[in-house]
Amino acid sequence: MTPTQKQSVRARLAVGACAAAVAATIWGVTALVAPDGGHPGRSENAAGRDGDTTGDDGGPGGPAAPAGLPDTIAHASETAGNAVNITIDDGPDPRWTPQVLDVLARHDVKATFCMIGPQAAAHPGLVKKVVAAGHRLCDHTTSHDTAMDKKPVGYQEAQILDAQKQIEEAAGGGAGVEYYRAPGGAFTPDSRRLAAAHGMRPLGWNVDTKDFAKPGTAAIVATVKREIGNGPTVLFHDGGGDRSQTVAALDQVLSWLADQGRPTGFPVRTTP
């Protein structure tokens, strides 16, 4: 074999090796965005709808959570004792969010606001007001798709990370997004891992006030009193329509909690 022929063979071998490396990379990316296997046995409950809420180790190919930030769904409170976590979903809304903020300020209570990305982008002044008042931010996706647990991982990723970016940009660098709450509790192991890997603890709830259905102020308050034994995280809404009943009920609930000697706090971000 002439020197020229040997050089040609070496070149073809190098190209083949490069092609193999590229193929391996493509297969790795494909594994990350493959459709989720689904959870046919999923049932809705106060803890959310994820059928797999404990001990998932991330598996090969999944992003790893930052040290100390679990990808399990949080319900407990950072505050010791019998503290209650007030969480507010689906805003910000230019009519109702300011009223919710006024009620919280009157009772000296801090809450976690689970925001829809485009809503935050449309009302950055409200996001900044929430942050300035000492509340925390939570990612509630871009379109509130309650069936997103049946969608491909790439779709879930866009819903979560696009919303995180919109909320943080609206906050103007004043705060990061510390939690992720799946719409309707439609968590998957992939979405939980993805959120945790980007600094957001998955966040569930224990008490669904059903305020979204507008059952009446008294009914919302009664639900909280009846179900607070389920756990400390309570779900209200400041978006999605007329929230006048929510505003009135939140005022009464916070007064009742104070009478019961129950402090309020934020959901845990680290273990448990």
# chains A, B, ... in the order shown; residues from 1 in each chain; ligands from 1

$ closest_atom_pairs --of "segment 158-231 of chain A" --to "segment 107-130 of chain A" --cutoff "10 Å" --atoms "only C-alpha atoms" --output "tab-separated table"
residue	atom	partner	partner_atom	distance
A:Gln159	CA	A:Gly117	CA	8.7
A:Ile160	CA	A:Gly117	CA	8.8
A:Leu161	CA	A:Gly117	CA	9.4
A:Asp162	CA	A:Gly117	CA	7.2
A:Ala163	CA	A:Gly117	CA	4.0
A:Gln164	CA	A:Gly117	CA	6.8
A:Lys165	CA	A:Gly117	CA	7.8
A:Gln166	CA	A:Gly117	CA	5.2
A:Ile167	CA	A:Ala120	CA	5.4
A:Glu168	CA	A:Ala120	CA	8.8
A:Glu169	CA	A:Ala121	CA	7.6
A:Ala170	CA	A:Pro124	CA	4.4
A:Ala171	CA	A:Lys128	CA	5.1
A:Gly172	CA	A:Lys128	CA	7.3
A:Gly173	CA	A:Lys128	CA	9.4
A:Gly174	CA	A:Lys128	CA	7.3
A:Ala175	CA	A:Lys128	CA	8.8
A:Val177	CA	A:Cys114	CA	9.2
A:Glu178	CA	A:Thr112	CA	9.2
A:Tyr179	CA	A:Cys114	CA	8.0
A:Tyr180	CA	A:Cys114	CA	7.7
A:Arg181	CA	A:Cys114	CA	6.9
A:Ala182	CA	A:Cys114	CA	9.6
A:Pro183	CA	A:Ile116	CA	9.7
A:Leu203	CA	A:Cys114	CA	9.5

$ closest_residue --among "A:Ala195, A:Leu257, A:Leu250, A:Ala218" --to "Thr72 of chain A" --atoms "only C-alpha atoms"
A:Ala195

$ closest_atom_pairs --of "segment 210-258 of chain A" --to "segment 266-272 of chain A" --cutoff "12 Å" --atoms "only C-alpha atoms" --output "tab-separated table"
residue	atom	partner	partner_atom	distance
A:Gly231	CA	A:Pro267	CA	11.4
A:Pro232	CA	A:Pro267	CA	8.7
A:Thr233	CA	A:Pro267	CA	7.4
A:Val234	CA	A:Pro267	CA	10.4

$ write_last_selection --atoms "C-alpha atoms" --output "PDB file, in the first residue's frame"
ATOM      1  CA  GLY A 231     -51.667  18.794  55.817  1.00  0.00           C
ATOM      2  CA  PRO A 232     -50.327  22.339  55.810  1.00  0.00           C
ATOM      3  CA  THR A 233     -50.379  23.490  52.166  1.00  0.00           C
ATOM      4  CA  VAL A 234     -53.567  25.298  51.100  1.00  0.00           C
TER       5      VAL A 234
END

$ residues_around --residues "segment 228-230 of chain A" --least-positions-apart "5" --cutoff "9 Å" --atoms "only C-alpha atoms" --output "compact mmCIF listing (two decimals) with C-alpha atoms, in the first residue's frame"
# COMPACT_ATOMS: atom_id res chain seq x y z
CA ALA A 46 -55.01 16.18 47.99
CA VAL A 84 -49.69 26.59 57.23
CA ASN A 206 -53.05 19.26 50.93
CA VAL A 207 -56.18 21.42 50.94
CA THR A 223 -63.43 23.51 53.19

$ atom_distance --atom1 "atom CA of Ala249 of chain A" --atom2 "atom CA of Val221 of chain A"
5.6 Å

$ residues_around --residues "Leu101 of chain A" --least-positions-apart "3" --cutoff "9 Å" --atoms "only C-alpha atoms" --output "PyMOL selection string"
chain A and resi 96-98+104-106+129-130+133

$ residues_around --residues "Ala83 of chain A" --least-positions-apart "4" --cutoff "6 Å" --atoms "only C-alpha atoms" --output "number ranges by chain"
A: 79, 262-264
